[in-house]
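One file, work-v8.cif, is given below (mmCIF, C-alpha atoms).
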data_my_file
#
loop_
_atom_site.group_PDB
_atom_site.id
_atom_site.type_symbol
_atom_site.label_atom_id
_atom_site.label_comp_id
_atom_site.auth_asym_id
_atom_site.auth_seq_id
_atom_site.Cartn_x
_atom_site.Cartn_y
_atom_site.Cartn_z
ATOM 1 C CA MET A 1 28.576 8.235 -16.235
ATOM 2 C CA ALA A 2 27.696 9.459 -12.762
ATOM 3 C CA GLY A 3 26.037 7.820 -9.792
ATOM 4 C CA ARG A 4 22.612 9.209 -8.921
ATOM 5 C CA SER A 5 20.175 8.584 -6.059
ATOM 6 C CA VAL A 6 16.892 7.776 -7.816
ATOM 7 C CA VAL A 7 13.431 7.543 -6.219
ATOM 8 C CA VAL A 8 12.075 4.065 -7.004
ATOM 9 C CA GLY A 9 9.132 3.947 -4.595
ATOM 10 C CA VAL A 10 7.020 6.235 -2.416
ATOM 11 C CA GLY A 11 4.285 5.748 0.173
ATOM 12 C CA HIS A 12 2.499 7.402 3.077
ATOM 13 C CA TYR A 13 0.283 6.719 6.067
ATOM 14 C CA LEU A 14 -2.232 8.873 7.916
ATOM 15 C CA PRO A 15 -3.873 8.037 11.252
ATOM 16 C CA LYS A 16 -7.563 7.152 11.027
ATOM 17 C CA ARG A 17 -8.809 10.025 13.181
ATOM 18 C CA VAL A 18 -9.656 13.070 11.066
ATOM 19 C CA VAL A 19 -10.067 16.356 12.956
ATOM 20 C CA PRO A 20 -11.973 19.097 11.082
ATOM 21 C CA ASN A 21 -11.517 22.749 12.022
ATOM 22 C CA ALA A 22 -14.995 22.807 13.547
ATOM 23 C CA GLU A 23 -13.780 20.557 16.354
ATOM 24 C CA PHE A 24 -11.603 23.394 17.694
ATOM 25 C CA GLU A 25 -14.596 25.744 17.898
ATOM 26 C CA LYS A 26 -15.792 23.781 20.946
ATOM 27 C CA THR A 27 -12.729 24.546 23.078
ATOM 28 C CA LEU A 28 -11.068 27.641 21.563
ATOM 29 C CA ASP A 29 -12.034 31.160 20.543
ATOM 30 C CA THR A 30 -11.628 30.338 16.844
ATOM 31 C CA THR A 31 -13.681 29.446 13.786
ATOM 32 C CA ASP A 32 -13.361 27.220 10.756
ATOM 33 C CA GLU A 33 -13.261 30.366 8.603
ATOM 34 C CA TRP A 34 -10.481 31.951 10.683
ATOM 35 C CA ILE A 35 -8.299 28.830 10.382
ATOM 36 C CA ARG A 36 -8.971 28.413 6.645
ATOM 37 C CA THR A 37 -8.294 32.024 5.702
ATOM 38 C CA ARG A 38 -5.049 32.258 7.667
ATOM 39 C CA SER A 39 -3.581 28.825 6.960
ATOM 40 C CA GLY A 40 -5.532 27.049 4.219
ATOM 41 C CA ILE A 41 -6.027 24.120 6.587
ATOM 42 C CA GLU A 42 -9.444 22.428 6.652
ATOM 43 C CA ARG A 43 -8.681 19.224 8.515
ATOM 44 C CA ARG A 44 -5.788 17.176 9.890
ATOM 45 C CA HIS A 45 -5.171 13.661 11.239
ATOM 46 C CA PHE A 46 -4.313 12.870 14.871
ATOM 47 C CA ALA A 47 -2.677 9.645 16.009
ATOM 48 C CA ALA A 48 -4.619 7.382 18.355
ATOM 49 C CA ASP A 49 -3.526 7.312 22.002
ATOM 50 C CA ASP A 50 -1.704 4.015 21.492
ATOM 51 C CA GLU A 51 -0.177 5.017 18.117
ATOM 52 C CA THR A 52 3.441 6.222 18.042
ATOM 53 C CA THR A 53 5.661 7.938 15.503
ATOM 54 C CA SER A 54 7.436 4.665 14.714
ATOM 55 C CA ASP A 55 4.040 3.046 14.032
ATOM 56 C CA LEU A 56 3.176 5.693 11.446
ATOM 57 C CA ALA A 57 6.679 5.479 9.979
ATOM 58 C CA THR A 58 6.493 1.702 9.636
ATOM 59 C CA PHE A 59 3.205 1.802 7.718
ATOM 60 C CA ALA A 60 4.537 4.488 5.361
ATOM 61 C CA ALA A 61 7.751 2.500 4.863
ATOM 62 C CA GLN A 62 5.802 -0.662 4.021
ATOM 63 C CA ASN A 63 3.786 1.265 1.423
ATOM 64 C CA ALA A 64 6.957 2.708 -0.133
ATOM 65 C CA LEU A 65 8.588 -0.733 -0.302
ATOM 66 C CA LYS A 66 5.466 -2.147 -1.934
ATOM 67 C CA ASP A 67 5.465 0.694 -4.474
ATOM 68 C CA ALA A 68 9.138 -0.053 -5.250
ATOM 69 C CA GLY A 69 8.529 -3.828 -5.516
ATOM 70 C CA LEU A 70 11.131 -4.429 -2.810
ATOM 71 C CA VAL A 71 11.320 -6.124 0.590
ATOM 72 C CA ALA A 72 12.991 -4.941 3.784
ATOM 73 C CA ASP A 73 16.235 -6.849 3.270
ATOM 74 C CA ASP A 74 16.746 -5.117 -0.079
ATOM 75 C CA ILE A 75 17.388 -1.956 1.964
ATOM 76 C CA ASP A 76 20.857 -1.045 3.278
ATOM 77 C CA ALA A 77 19.911 1.860 5.535
ATOM 78 C CA ILE A 78 16.987 3.761 7.043
ATOM 79 C CA VAL A 79 17.163 7.512 7.636
ATOM 80 C CA LEU A 80 14.144 8.780 9.575
ATOM 81 C CA ALA A 81 13.406 12.475 10.035
ATOM 82 C CA THR A 82 11.400 13.289 13.155
ATOM 83 C CA SER A 83 11.216 15.677 16.105
ATOM 84 C CA THR A 84 8.715 13.471 17.952
ATOM 85 C CA ALA A 85 10.439 10.101 18.348
ATOM 86 C CA ASP A 86 8.749 7.509 20.598
ATOM 87 C CA LEU A 87 11.548 7.490 23.182
ATOM 88 C CA THR A 88 14.601 9.560 24.070
ATOM 89 C CA PHE A 89 16.525 6.571 22.697
ATOM 90 C CA PRO A 90 16.856 4.323 20.787
ATOM 91 C CA SER A 91 16.072 6.035 17.507
ATOM 92 C CA ALA A 92 12.663 5.591 15.938
ATOM 93 C CA ALA A 93 14.519 4.398 12.827
ATOM 94 C CA THR A 94 15.804 1.294 14.619
ATOM 95 C CA MET A 95 12.275 0.540 15.797
ATOM 96 C CA VAL A 96 11.063 0.718 12.201
ATOM 97 C CA GLN A 97 13.991 -1.493 11.163
ATOM 98 C CA ALA A 98 12.851 -4.144 13.648
ATOM 99 C CA ARG A 99 9.174 -3.849 12.686
ATOM 100 C CA LEU A 100 10.016 -4.280 9.008
ATOM 101 C CA GLY A 101 12.032 -7.416 9.790
ATOM 102 C CA MET A 102 15.207 -5.842 8.387
ATOM 103 C CA THR A 103 18.128 -7.681 9.979
ATOM 104 C CA ARG A 104 20.991 -6.045 8.099
ATOM 105 C CA GLY A 105 22.272 -2.557 7.425
ATOM 106 C CA PHE A 106 21.818 0.410 9.771
ATOM 107 C CA ALA A 107 19.221 2.968 10.831
ATOM 108 C CA PHE A 108 19.283 6.403 12.462
ATOM 109 C CA ASP A 109 17.163 9.497 13.049
ATOM 110 C CA VAL A 110 17.701 13.035 11.761
ATOM 111 C CA GLN A 111 16.271 16.046 13.621
ATOM 112 C CA ALA A 112 15.799 19.300 11.727
ATOM 113 C CA VAL A 113 12.126 19.852 12.592
ATOM 114 C CA CYS A 114 10.044 20.831 9.530
ATOM 115 C CA ALA A 115 13.161 20.811 7.328
ATOM 116 C CA GLY A 116 13.946 17.304 8.564
ATOM 117 C CA PHE A 117 13.025 15.422 5.405
ATOM 118 C CA VAL A 118 15.219 17.613 3.199
ATOM 119 C CA PHE A 119 18.126 16.992 5.597
ATOM 120 C CA ALA A 120 17.363 13.247 5.736
ATOM 121 C CA LEU A 121 17.194 12.998 1.948
ATOM 122 C CA SER A 122 20.516 14.827 1.731
ATOM 123 C CA ASN A 123 22.093 12.358 4.172
ATOM 124 C CA ALA A 124 20.672 9.404 2.262
ATOM 125 C CA ASN A 125 22.018 10.806 -1.002
ATOM 126 C CA ALA A 126 25.481 11.182 0.579
ATOM 127 C CA LEU A 127 25.397 7.566 1.811
ATOM 128 C CA ILE A 128 24.602 6.370 -1.695
ATOM 129 C CA LEU A 129 27.141 8.549 -3.512
ATOM 130 C CA SER A 130 29.886 7.601 -1.026
ATOM 131 C CA GLY A 131 29.225 3.889 -1.628
ATOM 132 C CA GLN A 132 28.024 3.125 1.899
ATOM 133 C CA ALA A 133 24.580 2.079 0.690
ATOM 134 C CA GLU A 134 22.904 1.038 -2.546
ATOM 135 C CA ARG A 135 19.327 1.530 -1.356
ATOM 136 C CA VAL A 136 18.114 3.802 1.448
ATOM 137 C CA LEU A 137 14.638 4.076 2.931
ATOM 138 C CA VAL A 138 14.040 7.741 3.790
ATOM 139 C CA ILE A 139 11.117 8.472 6.107
ATOM 140 C CA GLY A 140 9.513 11.558 7.611
ATOM 141 C CA ALA A 141 7.147 10.830 10.505
ATOM 142 C CA GLU A 142 5.631 12.967 13.246
ATOM 143 C CA THR A 143 3.082 12.996 16.057
ATOM 144 C CA PHE A 144 3.039 16.754 16.671
ATOM 145 C CA SER A 145 -0.324 16.416 18.419
ATOM 146 C CA ARG A 146 1.732 15.257 21.432
ATOM 147 C CA ILE A 147 3.501 18.617 21.830
ATOM 148 C CA MET A 148 0.632 21.048 21.281
ATOM 149 C CA ASP A 149 -0.556 23.572 23.854
ATOM 150 C CA TRP A 150 -4.304 23.102 23.378
ATOM 151 C CA THR A 151 -4.996 26.562 24.859
ATOM 152 C CA ASP A 152 -2.863 28.342 22.228
ATOM 153 C CA ARG A 153 -5.196 28.925 19.289
ATOM 154 C CA SER A 154 -2.389 30.380 17.163
ATOM 155 C CA THR A 155 -0.469 27.071 17.018
ATOM 156 C CA CYS A 156 -2.561 24.046 17.985
ATOM 157 C CA VAL A 157 -4.871 24.344 14.949
ATOM 158 C CA LEU A 158 -1.966 24.227 12.490
ATOM 159 C CA PHE A 159 -0.376 20.827 13.050
ATOM 160 C CA GLY A 160 -1.225 17.211 12.291
ATOM 161 C CA ASP A 161 0.245 13.717 12.446
ATOM 162 C CA GLY A 162 1.370 11.483 9.604
ATOM 163 C CA ALA A 163 4.244 9.811 7.798
ATOM 164 C CA GLY A 164 5.694 9.575 4.308
ATOM 165 C CA ALA A 165 8.548 7.503 2.932
ATOM 166 C CA LEU A 166 10.508 6.924 -0.232
ATOM 167 C CA VAL A 167 13.120 4.464 -1.436
ATOM 168 C CA LEU A 168 16.307 5.853 -2.957
ATOM 169 C CA GLU A 169 18.401 3.554 -5.155
ATOM 170 C CA ARG A 170 21.790 4.088 -6.744
ATOM 171 C CA GLN A 171 21.581 4.181 -10.522
ATOM 172 C CA GLU A 172 23.981 5.391 -13.189
ATOM 173 C CA GLY A 173 23.250 8.647 -14.973
ATOM 174 C CA GLU A 174 24.974 10.699 -17.647
ATOM 175 C CA GLY A 175 25.955 13.425 -15.207
ATOM 176 C CA THR A 176 23.564 15.940 -16.775
ATOM 177 C CA SER A 177 20.464 17.750 -15.517
ATOM 178 C CA GLN A 178 18.364 15.309 -17.560
ATOM 179 C CA ASP A 179 19.341 12.396 -15.270
ATOM 180 C CA ARG A 180 16.726 10.868 -13.044
ATOM 181 C CA GLY A 181 17.398 11.256 -9.332
ATOM 182 C CA ILE A 182 18.745 13.903 -6.987
ATOM 183 C CA LEU A 183 20.457 16.618 -9.024
ATOM 184 C CA ALA A 184 21.393 19.256 -6.430
ATOM 185 C CA ILE A 185 20.940 20.143 -2.757
ATOM 186 C CA ASP A 186 21.102 23.330 -0.696
ATOM 187 C CA LEU A 187 21.065 23.177 3.126
ATOM 188 C CA ASN A 188 21.141 26.044 5.627
ATOM 189 C CA SER A 189 20.625 26.840 9.294
ATOM 190 C CA ASP A 190 20.954 29.852 11.571
ATOM 191 C CA GLY A 191 20.686 29.200 15.291
ATOM 192 C CA ARG A 192 20.231 32.883 16.115
ATOM 193 C CA TYR A 193 16.533 32.479 15.294
ATOM 194 C CA LYS A 194 15.807 29.773 17.879
ATOM 195 C CA ASP A 195 13.156 31.817 19.672
ATOM 196 C CA LEU A 196 10.934 32.071 16.583
ATOM 197 C CA LEU A 197 9.960 28.381 16.693
ATOM 198 C CA TYR A 198 10.842 25.906 19.440
ATOM 199 C CA VAL A 199 9.543 23.536 22.103
ATOM 200 C CA ASP A 200 9.975 24.922 25.624
ATOM 201 C CA GLY A 201 11.160 21.656 27.149
ATOM 202 C CA GLY A 202 13.246 18.542 26.626
ATOM 203 C CA VAL A 203 15.372 15.853 28.239
ATOM 204 C CA SER A 204 18.255 18.078 29.344
ATOM 205 C CA THR A 205 15.904 20.667 30.828
ATOM 206 C CA GLN A 206 13.856 17.887 32.499
ATOM 207 C CA SER A 207 10.498 19.032 31.179
ATOM 208 C CA THR A 208 8.277 17.929 28.312
ATOM 209 C CA GLY A 209 7.301 21.277 26.861
ATOM 210 C CA HIS A 210 5.001 22.582 24.144
ATOM 211 C CA LEU A 211 5.538 24.095 20.723
ATOM 212 C CA ARG A 212 5.985 27.882 20.738
ATOM 213 C CA MET A 213 5.988 30.003 17.594
ATOM 214 C CA GLN A 214 6.164 33.642 16.551
ATOM 215 C CA GLY A 215 4.041 33.080 13.467
ATOM 216 C CA ASN A 216 4.475 36.476 11.803
ATOM 217 C CA GLN A 217 8.266 36.314 12.091
ATOM 218 C CA VAL A 218 8.410 32.742 10.800
ATOM 219 C CA PHE A 219 6.233 33.748 7.839
ATOM 220 C CA ARG A 220 8.555 36.639 6.986
ATOM 221 C CA HIS A 221 11.631 34.415 6.984
ATOM 222 C CA ALA A 222 9.881 31.526 5.213
ATOM 223 C CA VAL A 223 8.950 33.109 1.873
ATOM 224 C CA GLU A 224 12.332 34.785 1.401
ATOM 225 C CA LYS A 225 14.449 31.820 2.496
ATOM 226 C CA LEU A 226 12.383 29.145 0.720
ATOM 227 C CA SER A 227 12.414 30.867 -2.671
ATOM 228 C CA LYS A 228 16.149 31.557 -2.372
ATOM 229 C CA THR A 229 17.108 28.007 -1.343
ATOM 230 C CA ALA A 230 14.960 26.510 -4.122
ATOM 231 C CA GLU A 231 16.586 28.750 -6.720
ATOM 232 C CA THR A 232 20.058 27.925 -5.351
ATOM 233 C CA ALA A 233 19.419 24.178 -5.678
ATOM 234 C CA LEU A 234 18.110 24.637 -9.238
ATOM 235 C CA ASP A 235 21.099 26.806 -10.156
ATOM 236 C CA ARG A 236 23.495 24.153 -8.851
ATOM 237 C CA ALA A 237 21.740 21.644 -11.105
ATOM 238 C CA GLY A 238 22.149 23.982 -14.098
ATOM 239 C CA LEU A 239 18.406 24.620 -14.197
ATOM 240 C CA ASN A 240 16.022 27.499 -13.486
ATOM 241 C CA ASN A 241 12.460 28.113 -12.336
ATOM 242 C CA ASP A 242 11.059 27.651 -15.852
ATOM 243 C CA ASP A 243 12.336 24.065 -15.910
ATOM 244 C CA VAL A 244 10.312 23.075 -12.840
ATOM 245 C CA ASP A 245 7.368 20.719 -13.406
ATOM 246 C CA TRP A 246 6.360 20.648 -9.739
ATOM 247 C CA ILE A 247 7.211 22.511 -6.589
ATOM 248 C CA VAL A 248 6.540 20.106 -3.705
ATOM 249 C CA PRO A 249 6.854 22.415 -0.693
ATOM 250 C CA HIS A 250 6.727 21.840 3.014
ATOM 251 C CA GLN A 251 3.010 22.094 3.767
ATOM 252 C CA ALA A 252 2.902 24.618 6.606
ATOM 253 C CA ASN A 253 0.587 27.368 5.443
ATOM 254 C CA ILE A 254 -1.095 28.062 2.090
ATOM 255 C CA ARG A 255 -0.001 31.699 2.210
ATOM 256 C CA ILE A 256 3.665 30.687 2.554
ATOM 257 C CA ILE A 257 3.246 28.198 -0.309
ATOM 258 C CA GLN A 258 1.587 30.836 -2.509
ATOM 259 C CA GLY A 259 4.126 33.518 -1.562
ATOM 260 C CA THR A 260 7.083 31.271 -2.369
ATOM 261 C CA ALA A 261 5.631 30.180 -5.721
ATOM 262 C CA LYS A 262 4.894 33.813 -6.636
ATOM 263 C CA LYS A 263 8.419 34.901 -5.721
ATOM 264 C CA MET A 264 9.784 32.087 -7.927
ATOM 265 C CA GLY A 265 7.403 32.967 -10.773
ATOM 266 C CA VAL A 266 5.888 29.472 -10.776
ATOM 267 C CA PRO A 267 2.071 29.253 -11.165
ATOM 268 C CA MET A 268 0.097 27.486 -8.428
ATOM 269 C CA ASP A 269 -1.077 24.824 -10.883
ATOM 270 C CA ARG A 270 2.512 23.543 -10.792
ATOM 271 C CA VAL A 271 2.549 23.278 -6.976
ATOM 272 C CA VAL A 272 1.493 20.120 -5.122
ATOM 273 C CA VAL A 273 -0.763 21.270 -2.267
ATOM 274 C CA THR A 274 -1.974 18.966 0.524
ATOM 275 C CA VAL A 275 -2.013 21.358 3.495
ATOM 276 C CA GLN A 276 -5.824 21.569 3.434
ATOM 277 C CA ASP A 277 -6.108 17.861 4.270
ATOM 278 C CA HIS A 278 -3.099 17.250 6.530
ATOM 279 C CA GLY A 279 -2.150 20.508 8.221
ATOM 280 C CA ASN A 280 1.530 20.935 9.034
ATOM 281 C CA THR A 281 2.986 17.452 9.581
ATOM 282 C CA SER A 282 6.529 18.811 9.988
ATOM 283 C CA ALA A 283 9.145 16.340 8.658
ATOM 284 C CA ALA A 284 6.380 14.151 7.210
ATOM 285 C CA SER A 285 4.854 16.835 4.993
ATOM 286 C CA ILE A 286 7.137 16.612 1.938
ATOM 287 C CA PRO A 287 7.144 12.810 1.557
ATOM 288 C CA LEU A 288 3.389 12.827 2.238
ATOM 289 C CA ALA A 289 2.912 15.393 -0.540
ATOM 290 C CA LEU A 290 5.172 13.454 -2.922
ATOM 291 C CA SER A 291 3.192 10.272 -2.316
ATOM 292 C CA VAL A 292 -0.189 11.989 -2.660
ATOM 293 C CA GLY A 293 1.038 13.874 -5.741
ATOM 294 C CA LYS A 294 1.995 10.606 -7.396
ATOM 295 C CA GLU A 295 -1.289 8.992 -6.307
ATOM 296 C CA ARG A 296 -3.262 11.888 -7.849
ATOM 297 C CA GLY A 297 -1.432 11.442 -11.151
ATOM 298 C CA GLN A 298 0.294 14.825 -10.859
ATOM 299 C CA ILE A 299 3.902 13.631 -10.502
ATOM 300 C CA LYS A 300 5.109 11.489 -13.416
ATOM 301 C CA PRO A 301 8.457 9.869 -14.363
ATOM 302 C CA GLY A 302 10.873 12.415 -15.769
ATOM 303 C CA ASP A 303 9.253 15.386 -14.010
ATOM 304 C CA LEU A 304 11.615 17.931 -12.497
ATOM 305 C CA ILE A 305 10.705 18.558 -8.870
ATOM 306 C CA VAL A 306 12.027 21.124 -6.443
ATOM 307 C CA THR A 307 11.151 20.546 -2.831
ATOM 308 C CA GLU A 308 11.856 23.035 -0.052
ATOM 309 C CA ALA A 309 11.222 23.389 3.681
ATOM 310 C CA ILE A 310 11.959 25.598 6.668
ATOM 311 C CA GLY A 311 11.634 24.719 10.333
ATOM 312 C CA GLY A 312 12.838 25.448 13.835
ATOM 313 C CA GLY A 313 16.510 26.223 14.187
ATOM 314 C CA LEU A 314 15.978 27.994 11.931
ATOM 315 C CA ALA A 315 16.890 25.251 9.470
ATOM 316 C CA TRP A 316 15.965 25.311 5.795
ATOM 317 C CA GLY A 317 16.906 23.785 2.469
ATOM 318 C CA ALA A 318 15.847 22.540 -0.937
ATOM 319 C CA ILE A 319 16.476 19.625 -3.277
ATOM 320 C CA ALA A 320 16.141 19.509 -7.045
ATOM 321 C CA LEU A 321 15.386 16.023 -8.328
ATOM 322 C CA ARG A 322 14.066 14.356 -11.443
ATOM 323 C CA TRP A 323 11.348 11.765 -10.721
#
Go ahead and render the structure in this file as structure tokens.
Amino acid sequence: MAGRSVVVGVGHYLPKRVVPNAEFEKTLDTTDEWIRTRSGIERRHFAADDETTSDLATFAAQNALKDAGLVADDIDAIVLATSTADLTFPSAATMVQARLGMTRGFAFDVQAVCAGFVFALSNANALILSGQAERVLVIGAETFSRIMDWTDRSTCVLFGDGAGALVLERQEGEGTSQDRGILAIDLNSDGRYKDLLYVDGGVSTQSTGHLRMQGNQVFRHAVEKLSKTAETALDRAGLNNDDVDWIVPHQANIRIIQGTAKKMGVPMDRVVVTVQDHGNTSAASIPLALSVGKERGQIKPGDLIVTEAIGGGLAWGAIALRW
């Protein structure tokens, strides 16, 4: 027998305001067709002026708890992935903890930009396997609309706001690749590539800053690194690409998603795609896609899923798990 971290509930939340590509045509030298053909994005959601990252995270967490048939005090820990927390401190996770009415356990944020949810899920898995927690609420939540340069047509059309969450619970497995739960993880980072994707401001530099990206360079790194990390995670689980029921990728760009699937030899009808509706929601994109994939009836119990992401840092990684 072997302890496994099993997904027992999933949920998401999107702000009410939907922003179609056409809205950008009023202020930028761009078109709906240009955005669609280069990114696959058709629309995205933006948070209201009085809506914060912890608000989105709380709603997603409540939906995940409901899906799991649990209440807040059944949870031992919250791990929240975000690059756009409400305040410098305290963590957005502790704000969610308070909003949920969870008076026990602990909560903290993880920051690995678009790879944040993979890193958060890895941390949650470690907490469970080490015996520090039996159930962990893992959340990805972002309000990237707050850090956009609205004059930069190459970046501001790509991102959206949202949140996704799942509940991980310790269960016993047989120690084989047929177990439900997280089977293998691969994490990586290389700080030499900072200038490819970053925000040009922050607390220590005493400026707020905007997102800056060298899109062509990020694209080049993404397809190669995402396919390799996914295959590494599968190999560690004793599995291969043919065993995969669903790739649930970070939803950054349809061409990256297609390129990664092609490199892995997995057909697109086995890839959960939500980028057209949400844009790039950074750390929220994978849990959002998992929740929507389940809602659509795509993801079913027993399915083998590989999920992968790359973000600023550069930081990237993948997780193989059985639903």
task = Step by step, work through what the PyMOL selection byres ((chain A and resi 73) around 7) selects in the shown file, and finish by giving those residues as a count of residues only.
result = 6
ask   = Within 8 Å of Leu168 (chain A), counting all atoms listed in the file, which residues qualify if same-chain residues fewer than 3 places away don't, as a list in words?
value =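 Using all atoms listed in the file, the neighbours found are Ser5, Val6, Val7, Val8, Gly9, Ala124, Asn125, Arg135, Val136, Leu137 and Val138 of chain A.
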Hey, could you make a per-residue contact list for region 83-140 of chain A against region 302-313 of chain A with 12 Å as the cut-off, showing the nearest pair of atoms and its distance in Å to one decimal, counting all atoms listed in the file, sorted by chain and number, as JSON lines?
{"residue": "A:Ser83", "atom": "CA", "partner": "A:Gly312", "partner_atom": "CA", "distance": 10.2}
{"residue": "A:Gln111", "atom": "CA", "partner": "A:Gly312", "partner_atom": "CA", "distance": 10.0}
{"residue": "A:Ala112", "atom": "CA", "partner": "A:Gly311", "partner_atom": "CA", "distance": 7.0}
{"residue": "A:Val113", "atom": "CA", "partner": "A:Gly311", "partner_atom": "CA", "distance": 5.4}
{"residue": "A:Cys114", "atom": "CA", "partner": "A:Gly311", "partner_atom": "CA", "distance": 4.3}
{"residue": "A:Ala115", "atom": "CA", "partner": "A:Ala309", "partner_atom": "CA", "distance": 4.9}
{"residue": "A:Gly116", "atom": "CA", "partner": "A:Gly311", "partner_atom": "CA", "distance": 8.0}
{"residue": "A:Phe117", "atom": "CA", "partner": "A:Ala309", "partner_atom": "CA", "distance": 8.3}
{"residue": "A:Val118", "atom": "CA", "partner": "A:Ala309", "partner_atom": "CA", "distance": 7.0}
{"residue": "A:Phe119", "atom": "CA", "partner": "A:Ala309", "partner_atom": "CA", "distance": 9.6}
{"residue": "A:Leu121", "atom": "CA", "partner": "A:Thr307", "partner_atom": "CA", "distance": 10.8}
{"residue": "A:Ser122", "atom": "CA", "partner": "A:Thr307", "partner_atom": "CA", "distance": 11.9}
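Going from CA of Gly160 (chain A) over to CA of Tyr13 (chain A), you cover 12.3 Å.
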Residue contacts of Ser189 (chain A) (9 Å, only C-alpha atoms) excluding same-chain residues fewer than 3 positions away, as a compact mmCIF listing (two decimals) with C-alpha atoms, in the coordinates of the input:
# COMPACT_ATOMS: atom_id res chain seq x y z
CA GLY A 313 16.51 26.22 14.19
CA LEU A 314 15.98 27.99 11.93
CA ALA A 315 16.89 25.25 9.47
CA TRP A 316 15.96 25.31 5.80
CA GLY A 317 16.91 23.78 2.47
